[in-house]
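> I'd like to ask some things about the structure below.
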Amino acid sequence: MSDLGSDAISEIERRASEPMALHDTRVAQPIELAIVVPTYNERENVPILLAALERVLVETEWEVMFVDDNSPDGTAERIRELAVTNPRIRVLERIGRRGLSSATIEGMLTTGAPYIAVMDADMQHDESVLPRMLERIKTEPLDVVVASRNIAGGSMGEFPRNRVRLSNLGSRISRAVCHCDISDAMSGFFVVERTYFKQVVPRLSGTGFKILVDLLASSTREVRVAEVPYHFRSREWGESKLNVNVELEYLLLLIDKALGRCVPPRFVLFVLVGSLGVLVNLACLTLFFQVANASFLVSQSLATFVAMTFNFVLNNLATFRDRRLRGRRLVRGLFSFYVACSVGALLNVSFAEFLHRASIPWYVAGIAGMAISAVWNYGLNMVFTWRRSRA
Ligand code: GDD
Ligand code: MN
């Protein structure tokens, strides 16, 4: 323990009891721009990005909020070291969570600055366009200014061809759900007015990578957007985190936006998988009963079994991809899925039978039975088969 002399302690107490202004006469300028930077394994890039921001933002009062999801490479610790001597820098570290969109949203919620920029940490976004973006949103009646790679003066740089195609496809699809017409909805680089952000934040999905699509599609009115061109740079350090999960999460985001949040998008996927299962069931029944001449009872039992297994595999790969089971837990999950779905089937039949006896038309009774078992299967499997693992 350090040995503080009693003189030193009373000096500290004396200072603490004095009004602040006596020993701190600096007048702080209000912060105009907050830059939110989601990070995952970007240790090497953080100091490079900070130096770049300092170079271009000389005429702006700014702060930067990093949101790190407990990166194994110690990104958050590196940022904290730098933050100790630089009050512009802050870091929000999330433990046991992942997700670019949700990280960005939470970062945006931490600031009171009137303008919020979002950019990646990996230097692929050209920081030198920030002052121009800020200027436009300050002087024109705009909600969002997007840095675009798809208008004159911008480019995808050396982005791999298949990624360019994917990005363009994503942009085209997203135009259907966004309340505006922009060329680069896949951009992760933009400035938004805080008042606009506050209006839409209760309706944000927060799933996946495409925070801009989420922000634009969550508006109840036309969004006022402008675009500023820039050249997308290549990554020098670290690697991209975009993978199949990201594509799937984009699909979930689009479902969510298209259905207006009435049904959970995961449920929609679960039902889609279930419908495919019905087809598999029918195909197997034909094969066993018609082709292999097995008895109807045996054929239908086998077909149901195959369909259930098929559904389990597909749900594990897609619907519950973020909670994907492997190894021993996969086997355990499969049995839990069989049990849950068998009970679901019993429920389906007995409920439909009950309705049918109550003189409800047979097809309505049938559909109601299926609906109730779909909800049951979804709920039970979410809680038991693909239960959220503790971080
Ligand atoms: N906190 C947090 N959590 N940050 C993350 C996560 C996560 O789960 N995943 C990625 N990031 C951070 C990265 O550290 C980086 O700063 C930024 O988010 C973008 O991730 P990259 O892995 O570099 O993505 P990309 O280069 O493949 O994709 C970029 O281009 C796309 C357009 O084609 C991003 O800007 C996307 O938003 C954009 O859609
Ligand atoms: Mn990147």
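Ligands are numbered from 1 in the order shown, chains are lettered A, B, ... in the order of the structure tokens, and residues start at 1 in each chain.
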Collect all residues with atoms no farther than 7 Å from ligand 1, counting only C-alpha atoms and all ligand atoms, and output them as a list in words.
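Listed by chain and ascending number, the contacts are Val37, Pro38, Thr39, Tyr40, Asn41, Glu42, Val67, Asp68, Asp69, Arg98, Gly99, Leu100, Ala103, Asp120, Ala121, Asp122, Arg163, Ser167, Met186, Ser187, Gly188, Phe189, Phe209, Lys210, Glu239, Ser240, Lys241 and Leu242 of chain A.
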> Would you mind listing what lies within 12 Å of His125 of chain A as a VMD selection string, with only C-alpha atoms counted and same-chain residues fewer than 4 positions away left out?
chain A and resid 37 49 52 to 53 117 to 121 129 to 130 146 to 149 154 to 157 187 to 190 229 to 235
> I'd like the neighbourhood of Asn377 of chain A as an NGL selection string, where a residue qualifies if any of its atoms comes within 8 Å (using only C-alpha atoms), though same-chain residues fewer than 3 positions away should be ignored.
:A and (340-341 or 344 or 373-374 or 380-381)
> Which of these, A:Glu32, A:Asp126, A:Glu135, A:Glu222, has the shortest distance to Glu61 of chain A once you count only C-alpha atoms?
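Among the listed residues, A:Glu32 lies closest to Glu61 of chain A.
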> Just give me the gap between atom CA of Gly208 of chain A and atom CA of Val331 of chain A in Å, one decimal is fine.
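These atoms are spaced 28.2 Å apart.
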